[in-house]
$ cat run13.pdb   # PDB, C-alpha atoms
ATOM      1  CA  MET D  16      21.161   8.801 -37.173
ATOM      2  CA  ARG D  17      22.325  11.874 -38.951
ATOM      3  CA  VAL D  18      22.783  11.423 -42.648
ATOM      4  CA  PHE D  19      24.640  13.976 -44.706
ATOM      5  CA  VAL D  20      23.420  14.032 -48.243
ATOM      6  CA  THR D  21      25.464  16.143 -50.623
ATOM      7  CA  VAL D  22      23.494  17.158 -53.610
ATOM      8  CA  LEU D  23      25.440  18.612 -56.529
ATOM      9  CA  ILE D  24      23.139  20.074 -59.089
ATOM     10  CA  LEU D  25      24.703  21.229 -62.362
ATOM     11  CA  LEU D  26      22.443  22.788 -64.896
ATOM     12  CA  LEU D  27      24.195  23.898 -68.061
ATOM     13  CA  PHE D  28      22.120  25.473 -70.667
ATOM     14  CA  ALA D  29      23.590  27.060 -73.792
ATOM     15  CA  GLY D  30      22.334  30.459 -74.868
ATOM     16  CA  CYS D  31      21.002  31.487 -71.396
ATOM     17  CA  SER D  32      20.634  35.140 -70.500
ATOM     18  CA  VAL D  33      22.813  36.783 -67.853
ATOM     19  CA  LYS D  34      19.936  36.453 -65.410
ATOM     20  CA  ASN D  35      19.632  32.751 -66.067
ATOM     21  CA  GLU D  36      23.409  32.330 -65.791
ATOM     22  CA  ASN D  37      23.297  33.806 -62.287
ATOM     23  CA  ILE D  38      20.497  31.453 -61.318
ATOM     24  CA  ASP D  39      22.453  28.548 -62.734
ATOM     25  CA  LYS D  40      25.493  29.514 -60.674
ATOM     26  CA  GLU D  41      23.383  29.455 -57.503
ATOM     27  CA  LEU D  42      21.881  26.104 -58.383
ATOM     28  CA  ALA D  43      25.324  24.705 -59.147
ATOM     29  CA  LYS D  44      26.525  25.281 -55.579
ATOM     30  CA  GLU D  45      26.883  22.288 -53.252
ATOM     31  CA  VAL D  46      23.861  21.963 -50.964
ATOM     32  CA  HIS D  47      24.106  20.007 -47.698
ATOM     33  CA  LEU D  48      20.787  18.475 -46.600
ATOM     34  CA  HIS D  49      20.495  17.121 -43.048
ATOM     35  CA  VAL D  50      18.132  14.153 -42.831
ATOM     36  CA  TYR D  51      17.102  12.894 -39.396
ATOM     37  CA  SER D  52      15.640   9.573 -38.355
ATOM     38  CA  ASN D  53      12.023  10.011 -37.221
ATOM     39  CA  GLU D  54      12.685   7.567 -34.411
ATOM     40  CA  LEU D  55      15.552   9.648 -33.034
ATOM     41  CA  GLN D  56      13.484  12.780 -33.389
ATOM     42  CA  ASP D  57      10.826  11.165 -31.211
ATOM     43  CA  ILE D  58      13.431  10.284 -28.592
ATOM     44  CA  TRP D  59      14.778  13.810 -28.647
ATOM     45  CA  ALA D  60      11.245  15.194 -28.294
ATOM     46  CA  GLN D  61      10.729  13.073 -25.186
ATOM     47  CA  ARG D  62      13.960  14.254 -23.633
ATOM     48  CA  SER D  63      13.244  17.869 -24.422
ATOM     49  CA  SER D  64       9.650  17.789 -23.099
ATOM     50  CA  PRO D  65       9.494  17.597 -19.300
ATOM     51  CA  ARG D  66       5.764  16.818 -19.465
ATOM     52  CA  LYS D  67       6.639  13.310 -20.621
ATOM     53  CA  LEU D  68       6.865  12.549 -16.900
ATOM     54  CA  LEU D  69       3.081  12.335 -17.028
ATOM     55  CA  TYR D  70       3.315   9.160 -19.119
ATOM     56  CA  ARG D  71       5.073   7.110 -16.449
ATOM     57  CA  PHE D  72       4.273   5.945 -12.915
ATOM     58  CA  PRO D  73       2.432   7.113 -10.847
ATOM     59  CA  PHE D  74       0.334   8.375 -13.752
ATOM     60  CA  VAL D  75      -1.236   5.090 -14.771
ATOM     61  CA  GLY D  76      -4.579   4.291 -16.292
ATOM     62  CA  ALA D  77      -4.931   6.823 -19.120
ATOM     63  CA  PRO D  78      -5.703   5.316 -22.553
ATOM     64  CA  LYS D  79      -2.623   4.703 -24.682
ATOM     65  CA  GLY D  80      -1.783   7.523 -27.032
ATOM     66  CA  GLU D  81      -3.905  10.038 -25.153
ATOM     67  CA  ASP D  82      -2.421  13.511 -24.936
ATOM     68  CA  ILE D  83      -1.833  14.475 -21.307
ATOM     69  CA  ARG D  84      -1.424  18.201 -20.926
ATOM     70  CA  GLY D  85      -0.565  18.497 -17.254
ATOM     71  CA  LYS D  86      -1.710  21.054 -14.693
ATOM     72  CA  PHE D  87       1.568  22.908 -14.140
ATOM     73  CA  ASP D  88       4.204  24.755 -16.158
ATOM     74  CA  ASP D  89       7.403  23.330 -17.668
ATOM     75  CA  LYS D  90       9.483  24.791 -14.846
ATOM     76  CA  PHE D  91       7.635  22.598 -12.358
ATOM     77  CA  TYR D  92       8.179  19.405 -14.359
ATOM     78  CA  SER D  93      11.805  20.289 -15.092
ATOM     79  CA  SER D  94      12.469  20.637 -11.364
ATOM     80  CA  ILE D  95      11.534  16.995 -10.704
ATOM     81  CA  ASN D  96      14.673  14.866 -10.658
ATOM     82  CA  LEU D  97      13.485  11.704  -8.922
ATOM     83  CA  VAL D  98      15.123   8.506 -10.120
ATOM     84  CA  TYR D  99      13.001   5.407  -9.579
ATOM     85  CA  ASN D 100      11.796   2.238 -11.284
ATOM     86  CA  ALA D 101       8.214   1.020 -11.289
ATOM     87  CA  LYS D 102       6.296  -1.808 -12.957
ATOM     88  CA  LYS D 103       2.739  -3.050 -12.952
ATOM     89  CA  ILE D 104       2.423  -6.356 -11.167
ATOM     90  CA  GLU D 105       1.764  -8.419 -14.306
ATOM     91  CA  ASP D 106       5.037  -7.242 -15.870
ATOM     92  CA  VAL D 107       7.307  -8.087 -12.937
ATOM     93  CA  ASP D 108       9.878 -10.874 -13.296
ATOM     94  CA  PHE D 109       9.802 -12.078  -9.705
ATOM     95  CA  TRP D 110      12.847 -14.310 -10.079
ATOM     96  CA  LYS D 111      14.939 -11.338 -11.150
ATOM     97  CA  LEU D 112      13.369  -9.324  -8.342
ATOM     98  CA  ARG D 113      14.469 -11.985  -5.865
ATOM     99  CA  ASP D 114      18.061 -11.736  -7.085
ATOM    100  CA  ASN D 115      18.026  -7.948  -7.327
ATOM    101  CA  PRO D 116      15.333  -6.489  -5.034
ATOM    102  CA  LYS D 117      16.677  -2.951  -5.484
ATOM    103  CA  SER D 118      15.867  -3.067  -9.200
ATOM    104  CA  LEU D 119      12.313  -1.874  -8.473
ATOM    105  CA  ASP D 120      11.097   0.855  -6.155
ATOM    106  CA  PHE D 121       7.376   0.511  -6.865
ATOM    107  CA  ILE D 122       5.027  -2.232  -8.002
ATOM    108  CA  TYR D 123       1.491  -1.115  -8.788
ATOM    109  CA  VAL D 124      -1.836  -2.901  -9.215
ATOM    110  CA  ARG D 125      -4.743  -1.662 -11.324
ATOM    111  CA  PRO D 126      -8.453  -2.666 -11.378
ATOM    112  CA  LEU D 127      -9.517  -5.924 -13.023
ATOM    113  CA  TRP D 128     -12.479  -7.008 -15.093
ATOM    114  CA  ILE D 129     -14.690  -9.141 -12.870
ATOM    115  CA  LYS D 130     -14.226 -12.245 -15.028
ATOM    116  CA  GLU D 131     -10.449 -12.032 -14.558
ATOM    117  CA  TYR D 132     -10.652 -11.724 -10.772
ATOM    118  CA  ARG D 133     -10.248 -14.952  -8.801
ATOM    119  CA  LYS D 134     -11.587 -15.036  -5.261
ATOM    120  CA  LEU D 135     -10.029 -18.252  -3.985
ATOM    121  CA  THR D 136      -8.853 -17.362  -0.476
ATOM    122  CA  LYS D 137      -9.684 -15.032   2.408
ATOM    123  CA  ASP D 138      -6.599 -12.930   1.652
ATOM    124  CA  LEU D 139      -6.898 -10.207  -0.989
ATOM    125  CA  PHE D 140      -3.161 -10.266  -1.684
ATOM    126  CA  ALA D 141      -3.333 -13.956  -2.597
ATOM    127  CA  ASN D 142      -6.449 -13.412  -4.725
ATOM    128  CA  ILE D 143      -4.726 -10.643  -6.677
ATOM    129  CA  ALA D 144      -1.768 -12.967  -7.206
ATOM    130  CA  TYR D 145      -4.003 -15.821  -8.387
ATOM    131  CA  SER D 146      -5.759 -13.420 -10.767
ATOM    132  CA  TYR D 147      -2.420 -12.620 -12.412
ATOM    133  CA  ASN D 148      -1.225 -16.245 -12.361
ATOM    134  CA  ILE D 149       1.503 -15.475  -9.820
ATOM    135  CA  SER D 150       2.746 -18.659  -8.145
ATOM    136  CA  ALA D 151       2.977 -19.249  -4.394
ATOM    137  CA  LYS D 152       6.763 -18.866  -4.543
ATOM    138  CA  GLU D 153       6.453 -15.606  -6.486
ATOM    139  CA  GLN D 154       3.957 -14.366  -3.897
ATOM    140  CA  GLU D 155       6.560 -15.069  -1.243
ATOM    141  CA  ILE D 156       9.150 -13.090  -3.214
ATOM    142  CA  LEU D 157       6.755 -10.151  -3.521
ATOM    143  CA  ARG D 158       5.930 -10.200   0.177
ATOM    144  CA  ASP D 159       9.631 -10.327   1.094
ATOM    145  CA  TRP D 160      10.307  -7.457  -1.292
ATOM    146  CA  VAL D 161       7.745  -5.287   0.516
ATOM    147  CA  TYR D 162       9.001  -6.243   3.988
ATOM    148  CA  ASN D 163      12.543  -5.375   2.905
ATOM    149  CA  GLY D 164      11.654  -1.887   1.726
ATOM    150  CA  GLY D 165       9.558  -2.155  -1.447
ATOM    151  CA  LYS D 166       6.442  -0.081  -2.087
ATOM    152  CA  LEU D 167       3.262  -1.747  -3.295
ATOM    153  CA  TRP D 168       0.825   0.770  -4.797
ATOM    154  CA  LEU D 169      -2.779  -0.474  -4.953
ATOM    155  CA  GLU D 170      -5.500   1.118  -7.051
ATOM    156  CA  PHE D 171      -7.368  -2.150  -7.046
ATOM    157  CA  GLY D 172     -10.952  -3.076  -7.663
ATOM    158  CA  VAL D 173     -13.225  -4.970 -10.026
ATOM    159  CA  TYR D 174     -15.626  -3.747 -12.685
ATOM    160  CA  SER D 175     -18.223  -5.083 -15.095
ATOM    161  CA  THR D 176     -20.364  -3.956 -17.994
ATOM    162  CA  LYS D 177     -24.088  -4.643 -17.929
ATOM    163  CA  TYR D 178     -23.817  -7.552 -20.342
ATOM    164  CA  ASP D 179     -21.030  -9.636 -18.812
ATOM    165  CA  MET D 180     -23.416 -12.157 -17.206
ATOM    166  CA  PHE D 181     -26.215 -14.162 -18.787
ATOM    167  CA  ASN D 182     -28.955 -16.525 -17.641
ATOM    168  CA  LYS D 183     -29.143 -20.063 -18.982
ATOM    169  CA  ASN D 184     -31.648 -18.902 -21.584
ATOM    170  CA  GLY D 185     -29.098 -16.381 -22.879
ATOM    171  CA  GLU D 186     -30.701 -13.271 -21.413
ATOM    172  CA  ILE D 187     -28.601 -10.569 -19.780
ATOM    173  CA  ASP D 188     -28.720 -10.758 -15.982
ATOM    174  CA  PRO D 189     -27.677  -7.453 -14.325
ATOM    175  CA  ARG D 190     -28.741  -8.783 -10.910
ATOM    176  CA  LYS D 191     -26.139 -11.522 -11.138
ATOM    177  CA  ILE D 192     -23.518  -8.898 -11.987
ATOM    178  CA  GLU D 193     -24.521  -6.722  -9.029
ATOM    179  CA  LYS D 194     -24.333  -9.648  -6.626
ATOM    180  CA  LEU D 195     -20.934 -10.738  -7.923
ATOM    181  CA  ILE D 196     -19.471  -7.230  -7.802
ATOM    182  CA  LYS D 197     -20.804  -6.475  -4.317
ATOM    183  CA  ASN D 198     -19.435  -9.736  -2.890
ATOM    184  CA  SER D 199     -15.997  -9.534  -4.521
ATOM    185  CA  PHE D 200     -14.210  -8.553  -1.301
ATOM    186  CA  THR D 201     -16.677  -9.683   1.351
ATOM    187  CA  GLY D 202     -14.950 -11.421   4.264
ATOM    188  CA  LEU D 203     -11.439 -10.669   2.970
ATOM    189  CA  THR D 204      -8.394  -9.087   4.587
ATOM    190  CA  PHE D 205      -5.005  -7.978   3.245
ATOM    191  CA  TRP D 206      -2.207  -9.493   5.315
ATOM    192  CA  LYS D 207      -4.689  -9.566   8.230
ATOM    193  CA  LYS D 208      -5.654  -5.918   7.712
ATOM    194  CA  PRO D 209      -9.392  -5.129   7.244
ATOM    195  CA  LEU D 210     -10.641  -3.680   3.967
ATOM    196  CA  ARG D 211     -12.776  -0.684   2.993
ATOM    197  CA  ASN D 212     -15.148  -0.854   0.013
ATOM    198  CA  PHE D 213     -16.418   1.730  -2.447
ATOM    199  CA  ILE D 214     -19.184   0.511  -4.750
ATOM    200  CA  PHE D 215     -20.358   2.659  -7.660
ATOM    201  CA  LYS D 216     -23.154   1.975 -10.135
ATOM    202  CA  SER D 217     -23.955   3.796 -13.367
ATOM    203  CA  ASP D 218     -27.467   4.954 -14.221
ATOM    204  CA  ASP D 219     -29.652   2.590 -16.261
ATOM    205  CA  LEU D 220     -30.863   3.710 -19.675
ATOM    206  CA  ASP D 221     -32.500   0.467 -20.757
ATOM    207  CA  LEU D 222     -31.970  -3.276 -20.477
ATOM    208  CA  ILE D 223     -28.509  -3.143 -22.060
ATOM    209  CA  ASN D 224     -27.307   0.441 -21.976
ATOM    210  CA  TYR D 225     -26.167   2.558 -19.058
ATOM    211  CA  LEU D 226     -24.881   6.070 -18.603
ATOM    212  CA  PRO D 227     -21.264   6.501 -17.425
ATOM    213  CA  THR D 228     -21.068   8.874 -14.500
ATOM    214  CA  ILE D 229     -18.639  10.975 -12.485
ATOM    215  CA  LYS D 230     -18.110  10.880  -8.732
ATOM    216  CA  ARG D 231     -16.683  14.010  -7.123
ATOM    217  CA  PHE D 232     -15.012  14.280  -3.742
ATOM    218  CA  ARG D 233     -14.444  17.397  -1.636
ATOM    219  CA  ILE D 234     -11.486  16.900   0.683
ATOM    220  CA  ASP D 235     -11.399  17.701   4.402
ATOM    221  CA  GLU D 236      -7.881  19.113   4.701
ATOM    222  CA  ARG D 237      -8.039  19.279   8.499
ATOM    223  CA  LYS D 238      -8.436  15.504   8.753
ATOM    224  CA  SER D 239      -6.032  14.678   5.914
ATOM    225  CA  GLN D 240      -2.307  14.035   6.227
ATOM    226  CA  ILE D 241      -1.759  15.079   2.605
ATOM    227  CA  LYS D 242      -2.274  18.842   2.407
ATOM    228  CA  GLY D 243      -3.228  21.026  -0.540
ATOM    229  CA  ILE D 244      -5.748  18.609  -2.079
ATOM    230  CA  LYS D 245      -9.221  20.114  -2.386
ATOM    231  CA  ARG D 246     -11.193  18.307  -5.096
ATOM    232  CA  LEU D 247     -10.919  14.891  -6.727
ATOM    233  CA  LYS D 248     -12.823  13.145  -9.460
ATOM    234  CA  LEU D 249     -13.469   9.493 -10.275
ATOM    235  CA  ASN D 250     -14.779   8.525 -13.712
ATOM    236  CA  ILE D 251     -17.167   5.568 -13.672
ATOM    237  CA  TYR D 252     -17.141   4.126 -17.182
ATOM    238  CA  ASN D 253     -18.576   0.692 -16.407
ATOM    239  CA  TYR D 254     -21.984  -0.466 -15.248
ATOM    240  CA  MET D 255     -20.686  -1.322 -11.794
ATOM    241  CA  GLU D 256     -17.323  -0.857 -10.064
ATOM    242  CA  ASN D 257     -16.074  -1.937  -6.633
ATOM    243  CA  TYR D 258     -12.824  -0.498  -5.283
ATOM    244  CA  VAL D 259     -11.027  -1.622  -2.167
ATOM    245  CA  LEU D 260      -8.668   0.061   0.292
ATOM    246  CA  VAL D 261      -6.531  -1.631   2.923
ATOM    247  CA  ASP D 262      -7.482  -0.184   6.295
ATOM    248  CA  GLY D 263      -4.571   1.824   7.682
ATOM    249  CA  LYS D 264      -3.291   5.331   8.281
ATOM    250  CA  ALA D 265      -5.713   7.758   6.641
ATOM    251  CA  LEU D 266      -3.766  10.049   4.319
ATOM    252  CA  LEU D 267      -6.791  11.641   2.666
ATOM    253  CA  VAL D 268     -10.332  12.077   4.019
ATOM    254  CA  ASP D 269     -13.304  13.687   2.288
ATOM    255  CA  LYS D 270     -15.979  15.980   3.728
ATOM    256  CA  GLN D 271     -18.230  12.980   4.377
ATOM    257  CA  GLY D 272     -15.575  11.383   6.570
ATOM    258  CA  ARG D 273     -14.627   8.686   4.054
ATOM    259  CA  THR D 274     -10.983   7.664   3.883
ATOM    260  CA  LEU D 275      -9.816   7.819   0.264
ATOM    261  CA  VAL D 276      -6.097   6.990   0.573
ATOM    262  CA  THR D 277      -4.430   4.762   3.167
ATOM    263  CA  LEU D 278      -0.874   3.775   4.030
ATOM    264  CA  ASN D 279       0.367   0.699   5.873
ATOM    265  CA  ARG D 280       3.898  -0.157   6.883
ATOM    266  CA  PHE D 281       4.994  -3.780   6.646
ATOM    267  CA  GLY D 282       8.548  -4.315   7.852
ATOM    268  CA  LYS D 283      10.683  -1.726   6.051
ATOM    269  CA  GLY D 284       8.230  -1.290   3.181
ATOM    270  CA  TYR D 285       4.791   0.148   2.531
ATOM    271  CA  VAL D 286       1.453  -0.668   0.965
ATOM    272  CA  LEU D 287      -0.451   2.356  -0.299
ATOM    273  CA  SER D 288      -4.061   1.972  -1.399
ATOM    274  CA  MET D 289      -6.321   4.514  -3.056
ATOM    275  CA  LEU D 290      -9.197   4.967  -5.464
ATOM    276  CA  PRO D 291      -8.062   5.327  -9.104
ATOM    277  CA  PHE D 292      -8.714   9.055  -9.257
ATOM    278  CA  GLU D 293      -8.679  10.858 -12.590
ATOM    279  CA  TYR D 294      -5.580  13.057 -13.017
ATOM    280  CA  GLN D 295      -5.958  14.830 -16.376
ATOM    281  CA  ASP D 296      -8.657  17.381 -15.532
ATOM    282  CA  VAL D 297      -6.808  20.562 -14.514
ATOM    283  CA  TYR D 298      -9.797  21.711 -12.440
ATOM    284  CA  TYR D 299      -9.228  18.856 -10.003
ATOM    285  CA  ASP D 300      -6.243  17.778  -7.912
ATOM    286  CA  GLY D 301      -5.710  14.226  -9.136
ATOM    287  CA  GLU D 302      -2.314  14.998 -10.644
ATOM    288  CA  LEU D 303      -1.116  16.928  -7.592
ATOM    289  CA  LEU D 304      -2.217  14.080  -5.316
ATOM    290  CA  ARG D 305      -0.085  11.576  -7.222
ATOM    291  CA  TRP D 306       2.946  13.853  -7.118
ATOM    292  CA  LYS D 307       2.566  14.317  -3.363
ATOM    293  CA  LEU D 308       2.181  10.580  -2.742
ATOM    294  CA  LEU D 309       5.181   9.799  -4.942
ATOM    295  CA  PHE D 310       7.398  12.309  -3.131
ATOM    296  CA  MET D 311       6.215  11.062   0.255
ATOM    297  CA  LEU D 312       7.054   7.428  -0.511
ATOM    298  CA  TYR D 313      10.254   8.307  -2.356
ATOM    299  CA  GLU D 314      11.582   9.996   0.774
ATOM    300  CA  ARG D 315      10.843   6.889   2.872
ATOM    301  CA  ARG D 316      13.745   4.862   1.561
TER     302      ARG D 316
END

$ encode --input "run13.pdb" --output "structure tokens"
Amino acid sequence: MRVFVTVLILLLFAGCSVKNENIDKELAKEVHLHVYSNELQDIWAQRSSPRKLLYRFPFVGAPKGEDIRGKFDDKFYSSINLVYNAKKIEDVDFWKLRDNPKSLDFIYVRPLWIKEYRKLTKDLFANIAYSYNISAKEQEILRDWVYNGGKLWLEFGVYSTKYDMFNKNGEIDPRKIEKLIKNSFTGLTFWKKPLRNFIFKSDDLDLINYLPTIKRFRIDERKSQIKGIKRLKLNIYNYMENYVLVDGKALLVDKQGRTLVTLNRFGKGYVLSMLPFEYQDVYYDGELLRWKLLFMLYERR
């Protein structure tokens, strides 16, 4: 809101010198001060900064409030004019989605803490739904949404610190954690599709502490459908992490022959699965990968 504040300052002093009289005349003039709402200034800053695109899907997972610089110049970000709606699975109103399936283009799923993950069936899709307290009817709505053209974006896995499990005597039990993490997706499928696992473990420092690590991937462009991606990075902050991909068309393959991104078509829609690669380090291609995947899926409408 723009507020016009008119300040009329009249200073009348008897016996002033000519110099002071001139100053007084200047001070006596009407001064118009323009006061702006901080909230509106923030909104304007967002509109005027094309890099704010990096704070919405598919750039998910960065800590809130973290400054994301971006790898490219403003001209690149200004050229992007895609219009789409995306929500994380726990924020979706499935009843509204049933009535208006075109209201969302993407639904995405992020990794879960191991104690929040519920392995109750042989189907990973159902287990994800149970973990987020999504009812059987809502699962049906989500499945129909995908088959009718929706895009489900999976960066799913489970993780644990070193002190999330204890023995009966109260002692920390890392072996129990390792067993639970490793078996999180054993024997499961996703809508009858096999799964691929990636298990990462941090280095031990002592009984309680561990050292977060970084996993780097060099991409084999000849075997990859997505071109122009050379290096990726995955930050391992927890003691143990297990990520899962739905077996399908290999979009990205590393030099060791491991598939890192897959795509499956179900009806008119798609399920994309990938590791939650870091995208803020400008020396890696995590940001570019997400742009390429977004454009690819956006065109398949």

$ resolve_selection --input "run13.pdb" --expression "the PyMOL selection byres ((chain D and resi 249-254) around 9)" --output "MDAnalysis selection string"
chainID D and resid 174:178 215:219 224:232 247:248 255:256 290:293

$ write_last_selection --input "run13.pdb" --atoms "C-alpha atoms" --output "JSON list (two decimals), in the coordinates of the input"
[["chain", "number", "residue", "atom", "x", "y", "z"],
["D", 174, "TYR", "CA", -15.63, -3.75, -12.68],
["D", 175, "SER", "CA", -18.22, -5.08, -15.10],
["D", 176, "THR", "CA", -20.36, -3.96, -17.99],
["D", 177, "LYS", "CA", -24.09, -4.64, -17.93],
["D", 178, "TYR", "CA", -23.82, -7.55, -20.34],
["D", 215, "PHE", "CA", -20.36, 2.66, -7.66],
["D", 216, "LYS", "CA", -23.15, 1.98, -10.14],
["D", 217, "SER", "CA", -23.96, 3.80, -13.37],
["D", 218, "ASP", "CA", -27.47, 4.95, -14.22],
["D", 219, "ASP", "CA", -29.65, 2.59, -16.26],
["D", 224, "ASN", "CA", -27.31, 0.44, -21.98],
["D", 225, "TYR", "CA", -26.17, 2.56, -19.06],
["D", 226, "LEU", "CA", -24.88, 6.07, -18.60],
["D", 227, "PRO", "CA", -21.26, 6.50, -17.42],
["D", 228, "THR", "CA", -21.07, 8.87, -14.50],
["D", 229, "ILE", "CA", -18.64, 10.98, -12.48],
["D", 230, "LYS", "CA", -18.11, 10.88, -8.73],
["D", 231, "ARG", "CA", -16.68, 14.01, -7.12],
["D", 232, "PHE", "CA", -15.01, 14.28, -3.74],
["D", 247, "LEU", "CA", -10.92, 14.89, -6.73],
["D", 248, "LYS", "CA", -12.82, 13.14, -9.46],
["D", 255, "MET", "CA", -20.69, -1.32, -11.79],
["D", 256, "GLU", "CA", -17.32, -0.86, -10.06],
["D", 290, "LEU", "CA", -9.20, 4.97, -5.46],
["D", 291, "PRO", "CA", -8.06, 5.33, -9.10],
["D", 292, "PHE", "CA", -8.71, 9.06, -9.26],
["D", 293, "GLU", "CA", -8.68, 10.86, -12.59]]

$ residues_around --input "run13.pdb" --residues "Arg315 of chain D" --least-positions-apart "4" --cutoff "9 Å" --atoms "all atoms listed in the file" --output "PyMOL selection string"
chain D and resi 164+284+310-311

$ write_last_selection --input "run13.pdb" --atoms "C-alpha atoms" --output "CSV table (one decimal), in the frame of the given file"
chain,number,residue,atom,x,y,z
D,164,GLY,CA,11.7,-1.9,1.7
D,284,GLY,CA,8.2,-1.3,3.2
D,310,PHE,CA,7.4,12.3,-3.1
D,311,MET,CA,6.2,11.1,0.3

$ residues_around --input "run13.pdb" --residues "Gln240 of chain D" --least-positions-apart "5" --cutoff "12 Å" --atoms "only C-alpha atoms" --output "list in words"
Ile234, Asp235, Lys264, Ala265, Leu266, Leu267, Val268, Asp269, Thr274, Leu275, Val276, Thr277, Leu278, Leu304, Lys307, Leu308 and Met311 of chain D

$ atom_distance --input "run13.pdb" --atom1 "atom CA of Trp160 of chain D" --atom2 "atom CA of Lys117 of chain D"
8.9 Å

$ residues_near_point --input "run13.pdb" --point "(7.9, 19.5, -12.4)" --cutoff "12 Å" --atoms "only C-alpha atoms" --output "list in words"
Ser64, Pro65, Arg66, Lys67, Leu68, Leu69, Gly85, Lys86, Phe87, Asp88, Asp89, Lys90, Phe91, Tyr92, Ser93, Ser94, Ile95, Asn96, Leu97, Glu302, Leu303, Trp306, Lys307 and Phe310 of chain D

$ atom_distance --input "run13.pdb" --atom1 "atom CA of Gly76 of chain D" --atom2 "atom CA of Gly165 of chain D"
21.5 Å

$ residues_around --input "run13.pdb" --residues "Asp106 of chain D" --least-positions-apart "6" --cutoff "12 Å" --atoms "all atoms listed in the file" --output "list in words"
Leu112, Leu119, Ile122, Tyr123, Val124, Tyr147, Asn148 and Ile149 of chain D

$ resolve_selection --input "run13.pdb" --expression "the PyMOL selection byres ((chain D and resi 258) around 7)" --output "PyMOL selection string"
chain D and resi 171-173+212-214+256-257+259-260+290

$ atom_distance --input "run13.pdb" --atom1 "atom CA of Lys103 of chain D" --atom2 "atom CA of Val261 of chain D"
18.4 Å

$ closest_residue --input "run13.pdb" --among "D:Trp110, D:Lys137, D:Asp179, D:Lys191" --to "Glu155 of chain D" --atoms "all atoms listed in the file"
D:Trp110

$ axis_aligned_box --input "run13.pdb" --around "segment 200-208 of chain D" --padding-each-side "4 Å" --output "lines of an AutoDock Vina configuration file"
center_x = -9.4
center_y = -8.7
center_z = 3.5
size_x = 22.5
size_y = 13.5
size_z = 17.5

$ resolve_selection --input "run13.pdb" --expression "the PyMOL selection byres ((chain D and resi 142) around 12)" --output "MDAnalysis selection string"
chainID D and resid 127 131:141 143:151 154 171:172 199:200 203:206

$ closest_residue --input "run13.pdb" --among "D:Lys283, D:Lys111, D:Arg316, D:Arg190" --to "Arg158 of chain D" --atoms "only C-alpha atoms"
D:Lys283

$ closest_residue --input "run13.pdb" --among "D:Ile192, D:Ile223, D:Lys166, D:Arg246" --to "Tyr294 of chain D" --atoms "all atoms listed in the file"
D:Arg246
